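Structure first, then comments.
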Amino acid sequence: MSFWKSIQRTLAALALATTATLAVAQAAPGAPGEVRQSLDDAWFTGPMLAPNATTLPRGHFLIEPYLYDVIAQGFYDRDGKRHNAPRSDGFGSLTYILYGLANKFTVGMIPVAGYTEMSTGPSSAGIGMGDLTLQGQYRLKLFHEGSRIPTMSVAVQETLPTGKYDRLGNRPSDGFGGGAYTTTVAFYSQTYFWMPNGRVLRMRFNVVPAFSSSVNVHDVSVYGTSTGFRGHATPGASIFLNAAWEYSLTRRWVLALDAVYRHQGNTAVSGYNVLDPNRSALQLNSGASDAFQLAPAIEYNWKRNIGVLLGTRLIPAGRNTPATITPAIAINYVH
């Protein structure tokens, strides 16, 4: 099955299921004597991938560390056909550190670190830091029970090129950064529905476009260049569409699911190799890529302000992109 047919069928099924679920949630009456769950009784950590549209109250902070393993055992070609490949494990950590500067405005940072273990070729020399993301988020609207208007916010992120990306020698697996300044202007939304049994279903929908600067590249790099290369790379723009649902089984237990579509534009690399006596021009193009991702997860909340998430991100369909499975664990704490 081609990539686009897989995407169309999966999106159609998700759209049908979501529409039916929300229609039932909004229109169907509860069972006789069924008590409608209050929002205060529904505790959430948040799904695996979709950030929160709600900002923190002034003076409060959130910390949410993730530990994960990006397991790659194949790739999708430009026609969407999957091929096997030697396994690699990208062990990593990512931590959201957020602070409520004002009731409608939250600032924060997202540091990343990683270690790559290769089944063929050298693994990383050690744990390396990735690119650092700074962000500010402004809340436009806050959901109120009985209203059809969701919580909405705008977030601006700037990713700084703090991770190593070139001059990697004989260890390409030491590359944990992209070398570019990346600007993201995202729209987040979040709302609530009540199912026929009275339980709460929380839904998020986020649109996240990103644009990157050009990068000077030397020698072996994450852009596929070799020893002696001199030139630059121009990463393509990307867009990330993320819908997520969280179903409150009990006050403490929650089932969650993210559905994501990601498009990455072509990355163009140009330059020459100083080891080539003719200094012939070199041109590399990654080609545009697409990926459809699903991330089922389960949440457990000890208290309203602290919980744990266990989930796995899958890529069941894609084009010109790795085929990965990413198990993850996260702890969410708000003070």
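If you're wondering about the labels, chains in the structure tokens are A, B, ... by order shown, residues count from 1 in each chain, ligands from 1 in order shown.
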May I have the residues within 7 Å of region 176-182 of chain A as a ChimeraX atom specification, using only C-alpha atoms and disregarding those fewer than 2 positions away in the same chain? /A:114,128-131,158-165,174,184,210-215
Could you write out the selected residues, including N, CA and C atoms, as a tab-separated table (two decimals), in the first residue's frame?
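Result saved to part-v1.tsv:
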chain	number	residue	atom	x	y	z
A	114	GLY	N	21.28	13.17	24.41
A	114	GLY	CA	21.09	11.88	23.78
A	114	GLY	C	22.36	11.05	23.70
A	128	GLY	N	25.61	13.32	24.65
A	128	GLY	CA	25.79	14.65	24.07
A	128	GLY	C	24.55	15.50	24.23
A	129	MET	N	24.75	16.81	24.32
A	129	MET	CA	23.62	17.73	24.40
A	129	MET	C	23.11	18.06	23.00
A	130	GLY	N	21.80	18.17	22.88
A	130	GLY	CA	21.19	18.57	21.63
A	130	GLY	C	20.94	20.06	21.59
A	131	ASP	N	20.17	20.51	20.65
A	131	ASP	CA	19.84	21.93	20.54
A	131	ASP	C	18.87	22.34	21.65
A	158	GLU	N	12.19	29.39	19.84
A	158	GLU	CA	13.43	29.58	19.10
A	158	GLU	C	14.40	28.49	19.54
A	159	THR	N	14.80	27.66	18.58
A	159	THR	CA	15.74	26.59	18.87
A	159	THR	C	17.15	27.06	18.54
A	160	LEU	N	18.03	27.00	19.54
A	160	LEU	CA	19.40	27.49	19.39
A	160	LEU	C	20.32	26.33	19.04
A	161	PRO	N	21.29	26.55	18.14
A	161	PRO	CA	22.17	25.46	17.68
A	161	PRO	C	23.28	25.14	18.68
A	162	THR	N	22.88	24.58	19.82
A	162	THR	CA	23.85	24.25	20.88
A	162	THR	C	24.41	22.83	20.74
A	163	GLY	N	23.76	21.98	19.93
A	163	GLY	CA	24.22	20.61	19.78
A	163	GLY	C	25.26	20.46	18.68
A	164	LYS	N	26.08	19.46	18.81
A	164	LYS	CA	27.12	19.19	17.82
A	164	LYS	C	26.49	18.64	16.55
A	165	TYR	N	26.91	19.16	15.39
A	165	TYR	CA	26.29	18.72	14.14
A	165	TYR	C	27.29	18.48	13.01
A	174	ASP	N	27.69	11.01	16.86
A	174	ASP	CA	27.87	12.07	17.86
A	174	ASP	C	27.07	13.33	17.51
A	184	THR	N	9.67	28.70	15.50
A	184	THR	CA	8.37	28.06	15.44
A	184	THR	C	7.31	29.01	15.97
A	210	ALA	N	7.50	25.42	11.33
A	210	ALA	CA	8.85	25.80	11.75
A	210	ALA	C	9.69	26.17	10.54
A	211	PHE	N	10.60	27.13	10.75
A	211	PHE	CA	11.46	27.64	9.68
A	211	PHE	C	12.88	27.76	10.22
A	212	SER	N	13.86	27.30	9.44
A	212	SER	CA	15.25	27.25	9.91
A	212	SER	C	16.16	28.10	9.04
A	213	SER	N	17.24	28.59	9.67
A	213	SER	CA	18.26	29.35	8.96
A	213	SER	C	19.22	28.41	8.23
A	214	SER	N	20.03	28.97	7.34
A	214	SER	CA	21.08	28.19	6.68
A	214	SER	C	22.20	27.89	7.67
A	215	VAL	N	22.97	26.85	7.36
A	215	VAL	CA	23.99	26.35	8.28
A	215	VAL	C	25.31	26.18	7.55
Per DSSP on the backbone, filter region 162-321 of chain A down to the residues in strand (DSSP E or B) and report them as an NGL selection string. :A and (182-194 or 200-212 or 215-218 or 229-234 or 238-248 or 253-264 or 268-273 or 282-285 or 289-303 or 306-319 or 321)
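Restricting the calculation to only C-alpha atoms, the smallest distance between Gln264 (chain A) and any of A:Gly318, A:Gly92, A:Pro122, A:Gly307 is found for A:Gly318.
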Close residues, Leu257 (chain A) itself excluded, 6 Å, only C-alpha atoms, min 3 positions apart in chain, as a PyMOL selection string: chain A and resi 244-245+295-296
Fewer than 4 positions away in the same chain doesn't count, so skip those; otherwise give me all residues within 10 Å of Pro65 (chain A), counting only C-alpha atoms, as an mmCIF file with N, CA and C atoms, in the first residue's frame.
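Listing of around_33.cif after writing:
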data_model
loop_
_atom_site.group_PDB
_atom_site.id
_atom_site.type_symbol
_atom_site.label_atom_id
_atom_site.label_comp_id
_atom_site.auth_asym_id
_atom_site.auth_seq_id
_atom_site.Cartn_x
_atom_site.Cartn_y
_atom_site.Cartn_z
ATOM 1 N N SER A 93 16.839 12.198 26.369
ATOM 2 C CA SER A 93 16.029 12.854 27.397
ATOM 3 C C SER A 93 15.632 14.226 26.884
ATOM 4 N N LEU A 94 14.424 14.618 27.216
ATOM 5 C CA LEU A 94 13.884 15.929 26.854
ATOM 6 C C LEU A 94 13.088 16.417 28.057
ATOM 7 N N THR A 95 13.319 17.658 28.474
ATOM 8 C CA THR A 95 12.669 18.167 29.681
ATOM 9 C C THR A 95 12.005 19.511 29.419
ATOM 10 N N TYR A 96 10.701 19.582 29.673
ATOM 11 C CA TYR A 96 9.986 20.861 29.647
ATOM 12 C C TYR A 96 10.175 21.543 31.000
ATOM 13 N N ILE A 97 10.693 22.763 30.982
ATOM 14 C CA ILE A 97 10.850 23.570 32.195
ATOM 15 C C ILE A 97 10.126 24.892 31.932
ATOM 16 N N ILE A 110 13.512 23.989 26.796
ATOM 17 C CA ILE A 110 13.429 22.545 26.585
ATOM 18 C C ILE A 110 14.826 22.027 26.243
ATOM 19 N N PRO A 111 15.620 21.637 27.239
ATOM 20 C CA PRO A 111 16.928 21.034 26.953
ATOM 21 C C PRO A 111 16.781 19.578 26.518
ATOM 22 N N VAL A 112 17.697 19.143 25.662
ATOM 23 C CA VAL A 112 17.669 17.786 25.108
ATOM 24 C C VAL A 112 19.066 17.187 25.199
ATOM 25 N N ILE A 329 8.845 7.340 28.790
ATOM 26 C CA ILE A 329 8.251 7.549 30.108
ATOM 27 C C ILE A 329 8.473 9.004 30.484
ATOM 28 N N ALA A 330 7.482 9.610 31.124
ATOM 29 C CA ALA A 330 7.594 11.013 31.530
ATOM 30 C C ALA A 330 6.931 11.198 32.883
ATOM 31 N N ILE A 331 7.467 12.130 33.659
ATOM 32 C CA ILE A 331 6.857 12.538 34.925
ATOM 33 C C ILE A 331 6.496 14.007 34.812
ATOM 34 N N ASN A 332 5.262 14.331 35.149
ATOM 35 C CA ASN A 332 4.755 15.699 35.055
ATOM 36 C C ASN A 332 4.513 16.236 36.459
ATOM 37 N N TYR A 333 5.163 17.369 36.784
ATOM 38 C CA TYR A 333 5.006 17.972 38.113
ATOM 39 C C TYR A 333 4.748 19.461 37.973
#
Taking into account only C-alpha atoms, which residue in the set A:Arg171, A:Arg139, A:His263, A:His232 is nearest to Val154 (chain A)?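 Closest to Val154 (chain A) of all the choices is A:Arg139.
The space separating CA of Asn84 (chain A) from CA of Thr267 (chain A) comes to 23.6 Å.
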With the cut-off set at 12 Å and counting only C-alpha atoms, tabulate each residue of region 281-322 of chain A with an atom at most that distance from an atom of region 43-60 of chain A, showing the nearest atom pair and its distance in Å to one decimal, ordered by chain and increasing number, as JSON lines.
{"residue": "A:Gln293", "atom": "CA", "partner": "A:Leu49", "partner_atom": "CA", "distance": 10.1}
{"residue": "A:Leu294", "atom": "CA", "partner": "A:Leu49", "partner_atom": "CA", "distance": 9.6}
{"residue": "A:Ala295", "atom": "CA", "partner": "A:Met48", "partner_atom": "CA", "distance": 6.7}
{"residue": "A:Pro296", "atom": "CA", "partner": "A:Met48", "partner_atom": "CA", "distance": 7.8}
{"residue": "A:Ala297", "atom": "CA", "partner": "A:Met48", "partner_atom": "CA", "distance": 6.8}
{"residue": "A:Ile298", "atom": "CA", "partner": "A:Pro47", "partner_atom": "CA", "distance": 8.4}
{"residue": "A:Glu299", "atom": "CA", "partner": "A:Thr45", "partner_atom": "CA", "distance": 6.5}
{"residue": "A:Tyr300", "atom": "CA", "partner": "A:Thr45", "partner_atom": "CA", "distance": 7.7}
{"residue": "A:Asn301", "atom": "CA", "partner": "A:Trp43", "partner_atom": "CA", "distance": 6.5}
{"residue": "A:Trp302", "atom": "CA", "partner": "A:Trp43", "partner_atom": "CA", "distance": 9.1}
{"residue": "A:Lys303", "atom": "CA", "partner": "A:Trp43", "partner_atom": "CA", "distance": 7.7}
{"residue": "A:Arg304", "atom": "CA", "partner": "A:Trp43", "partner_atom": "CA", "distance": 5.5}
{"residue": "A:Asn305", "atom": "CA", "partner": "A:Trp43", "partner_atom": "CA", "distance": 8.1}
{"residue": "A:Ile306", "atom": "CA", "partner": "A:Thr45", "partner_atom": "CA", "distance": 7.3}
{"residue": "A:Gly307", "atom": "CA", "partner": "A:Thr45", "partner_atom": "CA", "distance": 5.6}
{"residue": "A:Val308", "atom": "CA", "partner": "A:Thr45", "partner_atom": "CA", "distance": 6.8}
{"residue": "A:Leu309", "atom": "CA", "partner": "A:Thr45", "partner_atom": "CA", "distance": 7.0}
{"residue": "A:Leu310", "atom": "CA", "partner": "A:Met48", "partner_atom": "CA", "distance": 8.1}
{"residue": "A:Gly311", "atom": "CA", "partner": "A:Met48", "partner_atom": "CA", "distance": 6.6}
{"residue": "A:Thr312", "atom": "CA", "partner": "A:Met48", "partner_atom": "CA", "distance": 8.1}
{"residue": "A:Arg313", "atom": "CA", "partner": "A:Met48", "partner_atom": "CA", "distance": 8.1}
{"residue": "A:Leu314", "atom": "CA", "partner": "A:Met48", "partner_atom": "CA", "distance": 11.7}
For the residues in the current selection, export N, CA and C atoms as a JSON list (two decimals), in the first residue's frame.
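What landed in again_31.json:
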[["chain", "number", "residue", "atom", "x", "y", "z"],
["A", 293, "GLN", "N", 2.14, 9.58, 12.47],
["A", 293, "GLN", "CA", 2.54, 9.01, 13.76],
["A", 293, "GLN", "C", 1.33, 8.78, 14.64],
["A", 294, "LEU", "N", 1.39, 7.70, 15.42],
["A", 294, "LEU", "CA", 0.41, 7.41, 16.46],
["A", 294, "LEU", "C", 1.16, 7.19, 17.76],
["A", 295, "ALA", "N", 0.62, 7.72, 18.86],
["A", 295, "ALA", "CA", 1.29, 7.58, 20.15],
["A", 295, "ALA", "C", 0.26, 7.25, 21.23],
["A", 296, "PRO", "N", -0.07, 5.97, 21.41],
["A", 296, "PRO", "CA", -0.94, 5.58, 22.52],
["A", 296, "PRO", "C", -0.17, 5.63, 23.83],
["A", 297, "ALA", "N", -0.87, 5.97, 24.91],
["A", 297, "ALA", "CA", -0.20, 6.09, 26.21],
["A", 297, "ALA", "C", -1.21, 5.87, 27.32],
["A", 298, "ILE", "N", -0.69, 5.61, 28.50],
["A", 298, "ILE", "CA", -1.51, 5.52, 29.70],
["A", 298, "ILE", "C", -0.91, 6.46, 30.74],
["A", 299, "GLU", "N", -1.78, 7.15, 31.47],
["A", 299, "GLU", "CA", -1.35, 8.11, 32.48],
["A", 299, "GLU", "C", -1.84, 7.65, 33.86],
["A", 300, "TYR", "N", -0.99, 7.89, 34.87],
["A", 300, "TYR", "CA", -1.41, 7.67, 36.26],
["A", 300, "TYR", "C", -1.03, 8.90, 37.06],
["A", 301, "ASN", "N", -1.98, 9.44, 37.81],
["A", 301, "ASN", "CA", -1.76, 10.67, 38.57],
["A", 301, "ASN", "C", -1.88, 10.38, 40.07],
["A", 302, "TRP", "N", -0.76, 10.55, 40.79],
["A", 302, "TRP", "CA", -0.80, 10.36, 42.23],
["A", 302, "TRP", "C", -1.63, 11.47, 42.90],
["A", 303, "LYS", "N", -1.42, 12.69, 42.40],
["A", 303, "LYS", "CA", -2.16, 13.85, 42.86],
["A", 303, "LYS", "C", -2.55, 14.67, 41.64],
["A", 304, "ARG", "N", -3.30, 15.74, 41.87],
["A", 304, "ARG", "CA", -3.72, 16.58, 40.75],
["A", 304, "ARG", "C", -2.53, 17.21, 40.04],
["A", 305, "ASN", "N", -1.42, 17.41, 40.78],
["A", 305, "ASN", "CA", -0.28, 18.14, 40.21],
["A", 305, "ASN", "C", 0.92, 17.26, 39.90],
["A", 306, "ILE", "N", 0.80, 15.95, 40.04],
["A", 306, "ILE", "CA", 1.94, 15.08, 39.73],
["A", 306, "ILE", "C", 1.43, 13.75, 39.16],
["A", 307, "GLY", "N", 2.04, 13.34, 38.05],
["A", 307, "GLY", "CA", 1.63, 12.10, 37.41],
["A", 307, "GLY", "C", 2.73, 11.54, 36.54],
["A", 308, "VAL", "N", 2.51, 10.33, 36.04],
["A", 308, "VAL", "CA", 3.48, 9.66, 35.18],
["A", 308, "VAL", "C", 2.77, 9.20, 33.91],
["A", 309, "LEU", "N", 3.50, 9.21, 32.80],
["A", 309, "LEU", "CA", 2.98, 8.76, 31.51],
["A", 309, "LEU", "C", 3.89, 7.68, 30.95],
["A", 310, "LEU", "N", 3.28, 6.61, 30.44],
["A", 310, "LEU", "CA", 3.99, 5.56, 29.71],
["A", 310, "LEU", "C", 3.36, 5.47, 28.32],
["A", 311, "GLY", "N", 4.18, 5.62, 27.29],
["A", 311, "GLY", "CA", 3.62, 5.61, 25.95],
["A", 311, "GLY", "C", 4.63, 5.14, 24.92],
["A", 312, "THR", "N", 4.15, 4.97, 23.70],
["A", 312, "THR", "CA", 4.99, 4.55, 22.58],
["A", 312, "THR", "C", 4.55, 5.28, 21.32],
["A", 313, "ARG", "N", 5.50, 5.92, 20.66],
["A", 313, "ARG", "CA", 5.20, 6.56, 19.38],
["A", 313, "ARG", "C", 5.55, 5.61, 18.24],
["A", 314, "LEU", "N", 4.61, 5.43, 17.32],
["A", 314, "LEU", "CA", 4.78, 4.55, 16.17],
["A", 314, "LEU", "C", 4.68, 5.38, 14.89]]
Please provide as a list in words all residues within 7 Å of Leu142 (chain A), with the sequence filter that same-chain residues fewer than 2 positions apart are discarded (counting only C-alpha atoms). His144, Pro150, Thr151 and Met152 of chain A
Residues from the last selection, N, CA and C atoms, saved as a CSV table (one decimal), in the first residue's frame:
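Final output, saved to again35.csv:
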chain,number,residue,atom,x,y,z
A,144,HIS,N,-14.5,27.4,29.3
A,144,HIS,CA,-15.4,27.4,30.4
A,144,HIS,C,-16.4,26.3,30.1
A,150,PRO,N,-12.8,26.6,22.7
A,150,PRO,CA,-11.8,25.9,23.5
A,150,PRO,C,-10.8,26.9,24.0
A,151,THR,N,-9.9,26.4,24.9
A,151,THR,CA,-8.7,27.2,25.3
A,151,THR,C,-7.8,27.3,24.1
A,152,MET,N,-7.3,28.5,23.8
A,152,MET,CA,-6.4,28.7,22.7
A,152,MET,C,-5.3,29.5,23.1
Of the candidates A:Thr183, A:Asn285, A:Ser123, A:Asn170, which shows the shortest atom-to-atom distance to Ser270 (chain A), using only C-alpha atoms?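 Once distances to Ser270 (chain A) are computed over only C-alpha atoms, the minimum belongs to A:Asn285.
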So that I can see what lies close to region 239-241 of chain A, please list as a short mmCIF file (atom, residue, chain, number, x, y, z; two decimals) with C-alpha atoms, in the first residue's frame the residues with an atom at most 10 Å from it, counting only C-alpha atoms and leaving out residues fewer than 2 positions away in the same chain.
data_model
loop_
_atom_site.label_atom_id
_atom_site.label_comp_id
_atom_site.auth_asym_id
_atom_site.auth_seq_id
_atom_site.Cartn_x
_atom_site.Cartn_y
_atom_site.Cartn_z
CA ALA A 50 0.70 17.48 22.18
CA THR A 184 8.37 28.06 15.44
CA ALA A 186 2.50 27.45 16.98
CA PHE A 187 -1.24 27.47 17.61
CA PHE A 205 -5.34 20.13 18.38
CA ASN A 206 -2.05 21.90 17.60
CA VAL A 207 -0.60 23.38 14.41
CA VAL A 208 3.19 23.83 14.55
CA PRO A 209 5.06 25.29 11.53
CA ALA A 210 8.85 25.80 11.75
CA PHE A 211 11.46 27.64 9.68
CA ALA A 237 10.41 24.36 6.38
CA ALA A 243 -4.57 15.89 17.47
CA ALA A 259 -2.30 11.31 15.99
CA VAL A 260 0.30 13.35 14.09
CA TYR A 261 1.05 14.34 10.52
CA ARG A 262 4.51 15.83 9.87
CA HIS A 263 5.86 17.31 6.63
CA GLN A 264 9.51 18.30 6.26
CA GLY A 265 10.65 20.24 3.20
CA ASP A 290 6.17 12.97 5.32
CA ALA A 291 5.29 10.87 8.34
CA PHE A 292 2.11 9.76 10.06
#
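Comparing the minimum interatomic distances between Phe143 (chain A) and each of A:Thr116, A:Asn273, A:Gln190, A:Gln157, counting only C-alpha atoms, we find that A:Gln190 sits nearest.
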If you measure from CA of Glu246 (chain A) to CA of Asp258 (chain A), what distance in Å do you get, rounded to one decimal?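 Taking CA of Glu246 (chain A) as the start and CA of Asp258 (chain A) as the end point, the length is 8.9 Å.
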